[in-house]
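First up is the structure itself, then whatever we jot down about it.
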Amino acid sequence: MTVRQPLLSPAEREVGAADTRGGRKPWEIEDGLWERVEPLLPVVEQRFRYPGRRRFDDRQVLCGILFVLYTGVPWRYLPQELGFGSGMTCWRRLRDWNQAGGWQRLHELLLAELRTAGLLDFSRAAVDSSYIRAMKGGPATGRSQVDRGKTGSKHHVLVEAHGIPLAATLTGGNRNDGTQLIPLIQAVPPIRGKRGRPLRRPQRIYADRGYDHDVYRDRVRRLEITPVIARRGTGHGSGLGVHRWVVEDTIALLRWFRRLRIRWEIRDDIHQALVTLGCAIICWRRLKTPF
């Protein structure tokens with residue numbers, strides 16, 4: 001059976017998914033962000049004897065990648081009249097830059113700048129997951145118990161006290177949330193930006209009943225983190241929502257990127273690259289607009 005992906009409507013092509021800020025479409029890269037991205041991209045040596053076809057400008061290609069991330073349009077339907085190059089060109093650059101570690105380093109760089117600006121609060125953190133359907137299967141997928149056994153994946157997200165994403169991982173939709181708690185904590189990069197030791201571990205972690213197990217509590221304590229996890233069998237109103245709502249808000253921000261609402265990529269590393277890029281964009285917005 002052929003799976004049809006959503007096409008970009010004519011209205012979205014014209015006005016940019018109905019989201020413009022000061023006349024600038026969301027996938028147009030600001031100068032400040034490009035100044036941070038450009039040094040992180042791998043340098044491609046120019047061939048003089050057999051130059052081949054002229055290479056598309058990296059900044060325009062990145063705009064094409066962001067266009068797909070924001071609108072959810074399939075790669076093969078990327079509008080070439082906007083000057084992004086072909087969808088395959090953008091897909092290859094996304095793959096190559098991800099293999100070079102560009103998106104992860106961009107995320108770490110922005111986290112360090114947020115720390116320098118005093119916008120990171122490691123006194124507490126919150127963790128949660130979100131299920132998405134995987135239309136084409138692939139690695140890091142599984143039959144979900146919440147979607148009538150259909151194939152899907154999960155986004156596992158860890159945020160600090162204000163909701164800034166520190167780490168986001170991808171697993172199959174059948175994986176238990178508790179099993180991913182320690183890998184998610186270990187995925188937090190060393191955050192520099194100030195003199196002294198880089199930040200790696202929050203003081204406390206808040207989680208819902210899906211993480212309720214004494215084994216995971218003990219493992220979290222071994223990392224010198226205090227676990228604050230709701231107990232199963234207790235009524236609603238545990239009071240943890242006062243601190244946990246920030247991670248739900250961040251997951252909603254990730255869902256605002258239409259390409260992350262449904263997993264269309266067969267390769268898990270490509271989808272993980274889009275998730276990491278989405279987290280970096282959220283950090284960039286917080287850096288521009290402090291709390």
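Letters A, B, ... go to the chains of the structure tokens in the order shown; residues in each chain start at 1; ligands are counted from 1 in the same order.
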Just the residues within 9 Å of Phe257 in chain A, please, counting only C-alpha atoms, with nothing from its chain fewer than 4 positions along; format it as a list in words.
->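 Returned residues: Val68, Leu69, Tyr70, Thr71, Gly72, Leu253, Arg261 and Gly278 of chain A.
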Which residues, written as a list in words, have at least one atom at most 7 Å from Thr171 in chain A, with only C-alpha atoms counted and residues fewer than 4 positions away on the same chain left out?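 That gives Ala140, Thr141, Ser153, Lys154, His155 and Arg175 of chain A.
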Next on the checklist: Just the number, please: distance in Å from CA of Gln180 in chain A to CA of Tyr216 in chain A, one decimal.
Outcome noted: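 These two atoms are separated by 9.6 Å.
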Open item on the list: Calculated over only C-alpha atoms, which of the candidates A:Arg93, A:Arg267, A:His156, A:Arg54 has the smallest distance to Pro42 in chain A?
Closed with: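 For Pro42 in chain A, the nearest of the given residues is A:Arg93.
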Quiz item: Running DSSP on the backbone, which parts of range 45-261 of chain A land in helix (DSSP H, G or I), as a ChimeraX atom specification?
Solution: /A:58-71,75-77,80-82,87-99,102-116,177-186,209-211,214-222,241-255,258-260
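Of the listed residues (A:Asp214, A:Glu81, A:Glu265, A:Glu108), A:Glu108 comes nearest to Val37 in chain A; the distances count only C-alpha atoms.
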CA of Arg204 in chain A sits from CA of Ser123 in chain A at a separation of 6.5 Å
Mind checking which residues fall within 8 Å of Leu111 in chain A, counting only C-alpha atoms, ignoring those fewer than 4 positions away in the same chain, and posting them as a PDB file with all heavy atoms, in the first residue's frame?
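Saved file selection02.pdb follows:
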ATOM      1  N   HIS A 107      23.477  22.616  19.190  1.00  0.00           N
ATOM      2  CA  HIS A 107      22.673  22.564  20.417  1.00  0.00           C
ATOM      3  C   HIS A 107      23.534  22.862  21.641  1.00  0.00           C
ATOM      4  O   HIS A 107      23.154  23.650  22.520  1.00  0.00           O
ATOM      5  CB  HIS A 107      22.007  21.193  20.531  1.00  0.00           C
ATOM      6  CG  HIS A 107      21.021  21.093  21.641  1.00  0.00           C
ATOM      7  ND1 HIS A 107      20.661  19.884  22.219  1.00  0.00           N
ATOM      8  CD2 HIS A 107      20.327  22.044  22.315  1.00  0.00           C
ATOM      9  CE1 HIS A 107      19.787  20.104  23.163  1.00  0.00           C
ATOM     10  NE2 HIS A 107      19.561  21.403  23.246  1.00  0.00           N
ATOM     11  N   ARG A 115      23.647  29.508  29.262  1.00  0.00           N
ATOM     12  CA  ARG A 115      24.235  29.499  30.599  1.00  0.00           C
ATOM     13  C   ARG A 115      25.009  30.791  30.864  1.00  0.00           C
ATOM     14  O   ARG A 115      24.945  31.349  31.968  1.00  0.00           O
ATOM     15  CB  ARG A 115      25.162  28.295  30.769  1.00  0.00           C
ATOM     16  CG  ARG A 115      25.679  28.165  32.197  1.00  0.00           C
ATOM     17  CD  ARG A 115      26.743  27.097  32.334  1.00  0.00           C
ATOM     18  NE  ARG A 115      27.218  27.023  33.711  1.00  0.00           N
ATOM     19  CZ  ARG A 115      28.310  26.372  34.087  1.00  0.00           C
ATOM     20  NH1 ARG A 115      29.032  25.713  33.195  1.00  0.00           N
ATOM     21  NH2 ARG A 115      28.679  26.363  35.359  1.00  0.00           N
ATOM     22  N   LEU A 166      17.389  19.993  27.146  1.00  0.00           N
ATOM     23  CA  LEU A 166      18.777  19.602  27.371  1.00  0.00           C
ATOM     24  C   LEU A 166      19.166  18.381  26.547  1.00  0.00           C
ATOM     25  O   LEU A 166      20.316  18.235  26.149  1.00  0.00           O
ATOM     26  CB  LEU A 166      19.017  19.320  28.849  1.00  0.00           C
ATOM     27  CG  LEU A 166      18.695  20.453  29.823  1.00  0.00           C
ATOM     28  CD1 LEU A 166      18.894  19.990  31.264  1.00  0.00           C
ATOM     29  CD2 LEU A 166      19.550  21.675  29.532  1.00  0.00           C
ATOM     30  N   ILE A 191      27.692  21.262  29.638  1.00  0.00           N
ATOM     31  CA  ILE A 191      27.305  22.626  29.255  1.00  0.00           C
ATOM     32  C   ILE A 191      28.296  23.603  29.869  1.00  0.00           C
ATOM     33  O   ILE A 191      28.355  23.764  31.093  1.00  0.00           O
ATOM     34  CB  ILE A 191      25.869  22.930  29.711  1.00  0.00           C
ATOM     35  CG1 ILE A 191      24.895  21.904  29.113  1.00  0.00           C
ATOM     36  CG2 ILE A 191      25.472  24.342  29.292  1.00  0.00           C
ATOM     37  CD1 ILE A 191      23.482  22.040  29.619  1.00  0.00           C
ATOM     38  N   ARG A 192      29.053  24.245  29.019  1.00  0.00           N
ATOM     39  CA  ARG A 192      30.027  25.222  29.478  1.00  0.00           C
ATOM     40  C   ARG A 192      29.395  26.616  29.441  1.00  0.00           C
ATOM     41  O   ARG A 192      28.221  26.745  29.602  1.00  0.00           O
ATOM     42  CB  ARG A 192      31.297  25.134  28.628  1.00  0.00           C
ATOM     43  CG  ARG A 192      31.974  23.755  28.775  1.00  0.00           C
ATOM     44  CD  ARG A 192      33.136  23.586  27.835  1.00  0.00           C
ATOM     45  NE  ARG A 192      33.847  22.341  28.095  1.00  0.00           N
ATOM     46  CZ  ARG A 192      33.483  21.153  27.623  1.00  0.00           C
ATOM     47  NH1 ARG A 192      32.409  21.036  26.849  1.00  0.00           N
ATOM     48  NH2 ARG A 192      34.180  20.055  27.907  1.00  0.00           N
ATOM     49  N   CYS A 283      16.168  26.587  21.614  1.00  0.00           N
ATOM     50  CA  CYS A 283      17.195  27.270  22.417  1.00  0.00           C
ATOM     51  C   CYS A 283      17.511  28.644  21.835  1.00  0.00           C
ATOM     52  O   CYS A 283      17.719  29.613  22.592  1.00  0.00           O
ATOM     53  CB  CYS A 283      18.459  26.411  22.487  1.00  0.00           C
ATOM     54  SG  CYS A 283      18.286  24.886  23.440  1.00  0.00           S
TER      55      CYS A 283
END
Within 8 Å of Leu40 in chain A, counting only C-alpha atoms, which residues qualify if same-chain residues fewer than 5 places away don't, as a ChimeraX atom specification? /A:102,105-106
List every residue of range 140-268 of chain A that DSSP, applied to the backbone of this structure, assigns to strand (DSSP E or B), and report them as a ChimeraX atom specification.
-> /A:142-143,151-160,165-172,191,199,204-207,226-229,263
So that I can check the surroundings of Arg209 in chain A, please list as a list in words every protein, DNA and RNA residue that reaches within 9 Å of it, counting only C-alpha atoms and ignoring chain neighbours fewer than 6 positions away.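 Contacts, in chain order: Ile229, Ala230, Arg231, Arg232 and Gly233 of chain A.
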Exercise for the section: Just give me the gap between CA of Ile132 in chain A and CA of Glu28 in chain A in Å, one decimal is fine. Expected result: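 Taking CA of Ile132 in chain A as the start and CA of Glu28 in chain A as the end point, the length is 26.8 Å.
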If you count only C-alpha atoms, the residue of A:Gly173, A:Gly85, A:Pro165, A:Gly210 closest to Leu277 in chain A turns out to be A:Pro165
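Taking only C-alpha atoms into account, Thr250 in chain A lies nearest to A:Ser130 out of the set A:Gln145, A:Gln272, A:Ser130, A:Thr116.
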- Message: Under the rule that only C-alpha atoms are counted, which of A:Pro26, A:Gly241, A:Gly87, A:Gly137 is the nearest residue to Gly172 in chain A?
- Response: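 Ranked by minimum distance to Gly172 in chain A, first place goes to A:Gly137.
For the choices A:Arg258, A:Val275, A:Ile266, A:Arg36, the atom-to-atom distance to Glu113 in chain A is smallest for A:Arg36 when using only C-alpha atoms.
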Neighbour list for Arg133 in chain A as a compact mmCIF listing (two decimals) with all heavy atoms, in the first residue's frame, cut-off 7 Å, only C-alpha atoms, skip fewer than 3 positions in-chain:
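Saved the output as part-v3.txt:
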# COMPACT_ATOMS: atom_id res chain seq x y z
N THR A 151 2.58 0.81 14.30
CA THR A 151 4.01 1.08 14.41
C THR A 151 4.25 2.55 14.70
O THR A 151 3.68 3.43 14.05
CB THR A 151 4.74 0.69 13.12
OG1 THR A 151 4.49 -0.70 12.85
CG2 THR A 151 6.23 0.92 13.24
N GLY A 152 5.08 2.81 15.69
CA GLY A 152 5.38 4.20 16.05
C GLY A 152 6.70 4.33 16.76
O GLY A 152 7.42 3.36 16.99
N SER A 153 7.03 5.57 17.11
CA SER A 153 8.25 5.89 17.84
C SER A 153 7.91 6.82 18.99
O SER A 153 6.78 7.31 19.10
CB SER A 153 9.28 6.56 16.91
OG SER A 153 9.65 5.72 15.85
N ILE A 262 4.61 13.44 12.75
CA ILE A 262 4.56 12.08 12.23
C ILE A 262 5.94 11.74 11.71
O ILE A 262 6.59 12.58 11.07
CB ILE A 262 3.52 11.92 11.10
CG1 ILE A 262 2.11 12.22 11.62
CG2 ILE A 262 3.58 10.51 10.51
CD1 ILE A 262 1.05 12.19 10.54
N ARG A 263 6.40 10.53 11.98
CA ARG A 263 7.72 10.14 11.49
C ARG A 263 7.58 9.57 10.09
O ARG A 263 7.07 8.47 9.89
CB ARG A 263 8.37 9.12 12.43
CG ARG A 263 9.71 8.64 11.92
CD ARG A 263 10.37 7.64 12.85
NE ARG A 263 11.45 6.95 12.17
CZ ARG A 263 12.19 5.99 12.72
NH1 ARG A 263 11.96 5.62 13.97
NH2 ARG A 263 13.14 5.40 12.02
